[in-house]
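Structure data (mmCIF, C-alpha atoms) from protein18.cif:
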data_run
loop_
_atom_site.label_atom_id
_atom_site.label_comp_id
_atom_site.auth_asym_id
_atom_site.auth_seq_id
_atom_site.Cartn_x
_atom_site.Cartn_y
_atom_site.Cartn_z
CA LEU J 226 12.33 20.70 1.30
CA LYS J 227 10.53 17.82 3.00
CA ASP J 228 11.46 14.15 3.38
CA VAL J 229 14.35 14.43 0.91
CA SER J 230 16.92 11.66 1.19
CA LEU J 231 19.86 11.34 -1.20
CA GLU J 232 23.02 9.30 -1.26
CA LEU J 233 25.85 10.10 -3.65
CA GLU J 234 28.93 7.99 -4.22
CA THR J 235 32.25 8.50 -5.95
CA GLY J 236 31.70 8.76 -9.70
CA ASP J 237 28.00 9.70 -9.54
CA PHE J 238 26.46 12.12 -12.05
CA LEU J 239 23.02 13.17 -10.75
CA VAL J 240 20.55 15.35 -12.65
CA VAL J 241 17.86 17.16 -10.63
CA LEU J 242 14.68 18.09 -12.53
CA GLY J 243 11.54 19.98 -11.60
CA ALA J 244 9.51 23.13 -12.11
CA SER J 245 10.55 26.51 -10.70
CA SER J 246 10.39 26.64 -6.87
CA SER J 247 10.29 22.84 -6.60
CA GLY J 248 13.40 22.70 -4.43
CA LYS J 249 16.10 21.96 -7.03
CA SER J 250 18.43 24.84 -6.25
CA THR J 251 17.83 24.45 -2.52
CA ILE J 252 19.32 20.95 -2.74
CA LEU J 253 22.42 22.41 -4.38
CA ARG J 254 22.79 25.18 -1.79
CA LEU J 255 22.49 22.61 1.00
CA LEU J 256 25.11 20.39 -0.64
CA GLN J 257 27.41 23.35 -1.16
CA GLY J 258 26.93 24.52 2.44
CA SER J 259 25.65 28.02 1.74
CA GLU J 260 22.32 27.03 3.33
CA GLN J 261 21.77 24.89 6.44
CA PRO J 262 18.88 22.44 6.95
CA VAL J 263 16.21 23.36 9.51
CA SER J 264 15.91 19.68 10.38
CA GLY J 265 17.69 16.53 9.28
CA LYS J 266 21.36 16.51 8.37
CA ILE J 267 23.82 16.48 5.52
CA ILE J 268 26.79 14.15 5.87
CA VAL J 269 29.74 14.60 3.53
CA GLU J 270 32.14 11.71 4.04
CA SER J 271 34.91 13.43 2.15
CA THR J 272 37.51 16.10 2.74
CA SER J 273 36.42 17.78 -0.50
CA THR J 274 34.35 20.97 -0.54
CA PRO J 275 31.40 21.00 -2.97
CA ILE J 276 31.97 23.77 -5.53
CA TYR J 277 28.91 25.66 -6.82
CA LEU J 278 28.93 26.67 -10.50
CA ASP J 279 25.98 28.65 -11.85
CA ARG J 280 27.29 30.52 -14.86
CA LYS J 281 29.64 30.13 -17.78
CA PRO J 282 33.27 30.70 -16.78
CA ASP J 283 34.61 34.17 -17.58
CA PHE J 284 38.31 34.18 -18.38
CA ASN J 285 40.22 37.30 -19.39
CA ASN J 286 43.76 36.10 -18.75
CA LYS J 287 46.56 36.78 -21.20
CA GLU J 288 48.65 33.81 -20.05
CA THR J 289 48.25 30.20 -21.13
CA ILE J 290 46.16 27.86 -19.00
CA GLU J 291 49.32 26.04 -17.92
CA GLU J 292 50.99 29.31 -16.82
CA ILE J 293 47.90 30.36 -14.85
CA ILE J 294 47.68 27.04 -13.01
CA LEU J 295 51.45 26.89 -12.39
CA LYS J 296 51.31 30.27 -10.66
CA ARG J 297 48.22 29.40 -8.65
CA TYR J 298 49.51 26.04 -7.41
CA ASP J 299 53.24 26.80 -7.43
CA ASN J 300 53.97 25.05 -4.11
CA GLN J 301 51.32 22.33 -4.35
CA LYS J 302 52.69 19.40 -6.30
CA ALA J 303 49.58 17.24 -5.76
CA ALA J 304 47.27 19.99 -7.11
CA TRP J 305 49.49 20.51 -10.17
CA GLU J 306 49.68 16.78 -10.88
CA THR J 307 45.90 16.43 -10.49
CA PHE J 308 45.38 19.35 -12.87
CA ARG J 309 47.63 17.73 -15.49
CA TYR J 310 45.85 14.39 -15.03
CA LEU J 311 42.38 15.94 -15.44
CA CYS J 312 43.46 17.87 -18.54
CA ASP J 313 44.71 14.61 -20.04
CA VAL J 314 41.45 12.84 -19.13
CA VAL J 315 39.26 15.43 -20.89
CA ASP J 316 41.81 16.25 -23.64
CA LEU J 317 42.23 19.96 -22.86
CA ASN J 318 45.17 21.72 -24.52
CA THR J 319 46.78 23.77 -21.74
CA SER J 320 49.09 25.69 -24.07
CA GLN J 321 46.12 27.82 -25.15
CA LYS J 322 45.09 31.10 -23.55
CA PRO J 323 41.58 31.09 -22.05
CA SER J 324 40.54 33.68 -24.66
CA GLN J 325 41.38 31.12 -27.38
CA LEU J 326 39.08 28.42 -26.00
CA THR J 327 35.88 27.38 -27.76
CA PRO J 328 32.69 27.55 -25.63
CA SER J 329 32.87 23.83 -24.81
CA GLU J 330 36.58 24.09 -23.96
CA ALA J 331 35.87 27.03 -21.65
CA TYR J 332 33.36 24.85 -19.78
CA LYS J 333 35.94 22.04 -19.63
CA TYR J 334 38.43 24.43 -18.08
CA GLY J 335 35.79 25.66 -15.61
CA LEU J 336 35.01 22.08 -14.57
CA ILE J 337 38.69 21.27 -14.07
CA GLU J 338 39.26 24.43 -12.01
CA GLY J 339 36.18 23.51 -9.94
CA CYS J 340 37.59 20.01 -9.34
CA ILE J 341 40.94 21.40 -8.18
CA GLU J 342 39.25 23.99 -5.94
CA SER J 343 37.03 21.29 -4.41
CA VAL J 344 39.84 19.03 -3.22
CA ASP J 345 41.83 19.40 0.00
CA PHE J 346 45.32 18.36 -1.08
CA ASN J 347 46.62 18.55 2.50
CA THR J 348 44.92 15.25 3.33
CA PRO J 349 46.44 11.89 2.37
CA CYS J 350 43.09 10.25 1.52
CA MET J 351 41.65 9.69 -1.95
CA HIS J 352 40.58 12.96 -3.58
CA THR J 353 37.00 13.06 -4.86
CA PRO J 354 36.02 16.42 -6.42
CA ILE J 355 32.39 17.45 -5.81
CA LEU J 356 30.70 19.87 -8.25
CA VAL J 357 27.17 21.28 -8.05
CA LEU J 358 25.93 22.91 -11.28
CA ASP J 359 22.88 25.18 -11.09
CA GLU J 360 21.28 25.48 -14.55
CA TRP J 361 24.86 25.86 -15.69
CA MET J 362 24.34 25.32 -19.43
CA ASP J 363 20.59 25.62 -19.90
CA LEU J 364 21.01 28.44 -22.45
CA GLU J 365 23.79 26.81 -24.46
CA THR J 366 23.38 25.05 -27.80
CA SER J 367 22.86 21.30 -27.71
CA THR J 368 26.22 20.83 -29.48
CA VAL J 369 28.11 22.61 -26.69
CA VAL J 370 26.15 20.83 -23.96
CA HIS J 371 26.77 17.38 -25.45
CA LYS J 372 30.52 18.06 -25.60
CA VAL J 373 30.54 19.25 -21.99
CA GLU J 374 28.34 16.32 -20.94
CA GLU J 375 31.06 14.02 -22.31
CA THR J 376 33.60 15.93 -20.19
CA ILE J 377 31.44 15.40 -17.10
CA ARG J 378 31.14 11.70 -17.95
CA LEU J 379 34.93 11.42 -18.16
CA LEU J 380 35.44 13.31 -14.90
CA THR J 381 33.00 11.03 -13.07
CA GLU J 382 34.01 7.72 -14.62
CA GLU J 383 37.77 8.25 -14.96
CA ALA J 384 38.53 10.67 -12.10
CA GLY J 385 35.77 9.69 -9.65
CA ALA J 386 34.22 13.17 -9.42
CA ILE J 387 30.70 13.60 -8.04
CA VAL J 388 28.57 15.97 -10.15
CA VAL J 389 25.06 17.18 -9.29
CA CYS J 390 23.34 19.21 -12.00
CA VAL J 391 20.05 21.13 -11.83
CA THR J 392 18.53 21.70 -15.27
CA HIS J 393 15.34 22.61 -17.11
CA THR J 394 16.56 20.80 -20.24
CA PRO J 395 16.97 17.15 -19.17
CA LYS J 396 17.41 15.72 -22.66
CA LEU J 397 20.73 17.52 -22.82
CA PHE J 398 22.01 15.42 -19.90
CA SER J 399 20.96 11.93 -20.93
CA ALA J 400 24.39 10.47 -20.05
CA SER J 401 23.94 11.13 -16.33
CA HIS J 402 23.76 8.07 -14.06
CA LYS J 403 20.90 9.11 -11.80
CA CYS J 404 17.94 11.45 -11.98
CA ILE J 405 15.46 12.83 -9.46
CA THR J 406 12.39 14.93 -10.18
CA MET J 407 11.41 17.49 -7.54
CA CYS J 408 7.87 18.73 -6.85
CA LYS J 409 6.80 21.12 -4.07
CA GLY J 410 9.94 20.51 -2.02
CA GLY J 411 9.86 16.72 -2.22
CA ILE J 412 11.16 14.02 -4.52
CA LEU J 413 8.42 13.04 -6.96
CA SER J 414 10.44 10.31 -8.69
CA ARG J 415 13.94 8.91 -8.92
CA GLY J 416 15.75 6.53 -11.24
CA ARG J 417 18.16 6.31 -14.09
CA THR J 418 18.10 9.33 -16.39
CA LYS J 419 17.38 7.44 -19.63
CA GLU J 420 14.40 5.71 -18.02
CA THR J 421 13.05 8.97 -16.60
CA LEU J 422 13.23 10.70 -20.00
CA LYS J 423 11.23 8.00 -21.85
#

What does this structure look like when you write it as structure tokens?
Amino acid sequence: LKDVSLELETGDFLVVLGASSSGKSTILRLLQGSEQPVSGKIIVESTSTPIYLDRKPDFNNKETIEEIILKRYDNQKAAWETFRYLCDVVDLNTSQKPSQLTPSEAYKYGLIEGCIESVDFNTPCMHTPILVLDEWMDLETSTVVHKVEETIRLLTEEAGAIVVCVTHTPKLFSASHKCITMCKGGILSRGRTKETLK
């Protein structure tokens, strides 16, 4: 990457476009912390940890979603309450088993789990989940993607999540707030997604 400057705020939904090897996934790895910059710096003014999602969630549990989450966050009231709130926001029925979920519901569940994993509930400050999605749904049908895009919109607008999504199919993410196009490690253009796709 070269001369790349980005600023993300609570509730942002950013789509990153570009050809292969343009630097899209590098941005995500830098945000997630699995790669460090050679020069420059990344400042995350949040106690949340960016969670990297690059494939469809794989759930083989025999318990209901609610039972799974109750066990996982048994002693963490704030995490459990946040989970319930996010499920209400995106209208996810937690009495189902993961194996009973439709493809779009499985993505919803994956996004909610990512949000919970991102947040440090031991801090008293406002919790802002940060998700980075690497070509997460590029092979899905447009129907599934549009349903999940609505989930992302709700998570950003209602719950204040920050979502950064790399994709090769930008028309599937037209509801995103911001868009940048990468080329040879730099930002070729930036703007609102609907304007970029015209």

Residues of range 283-333 of chain J within 10 Å of range 344-362 of chain J: nearest atom pair and distance (Å, one decimal) for each, counting only C-alpha atoms, sorted by chain and number, as CSV?
residue,atom,partner,partner_atom,distance
J:Gln301,CA,J:Phe346,CA,7.9
J:Lys302,CA,J:Phe346,CA,9.1
J:Ala303,CA,J:Phe346,CA,6.4
J:Ala304,CA,J:Phe346,CA,6.5
J:Thr307,CA,J:His352,CA,9.4
J:Tyr332,CA,J:Met362,CA,9.0

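Here the PyMOL selection byres ((chain J and resi 315) around 10) catches exactly these residues: Tyr310, Leu311, Cys312, Asp313, Val314, Asp316, Leu317, Asn318, Glu330, Lys333, Tyr334, Ile337, Val373, Glu375, Thr376, Ile377, Arg378, Leu379, Leu380 and Glu383 of chain J.
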
Would you kindly translate the PyMOL selection byres ((chain J and resi 233-246) around 7) into the concrete residues it picks from this file, as number ranges by chain?
-> J: 231-232, 247-249, 353, 381-382, 385-393, 401-408

Contacts of range 289-296 of chain J at 8 Å (all atoms listed in the file; same-chain gap of 4+ positions) as number ranges by chain | J: 305, 319-323

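Nearest to Val263 in chain J of all the residues J:Lys227, J:Arg280, J:Arg415, J:His371 is J:Lys227, based on all atoms listed in the file.
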
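The spacing separating CA of Gln261 in chain J from CA of Ala384 in chain J amounts to 28.8 Å.
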
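Selection around (30.5, 21.0, -2.0) with radius 6 Å, counting all atoms listed in the file, yields the residues J:Leu256, J:Gln257, J:Thr274, J:Pro275, J:Ile276, J:Ile355.
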
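Relative to CA of Arg297 in chain J, CA of Asp279 in chain J is found at 22.5 Å.
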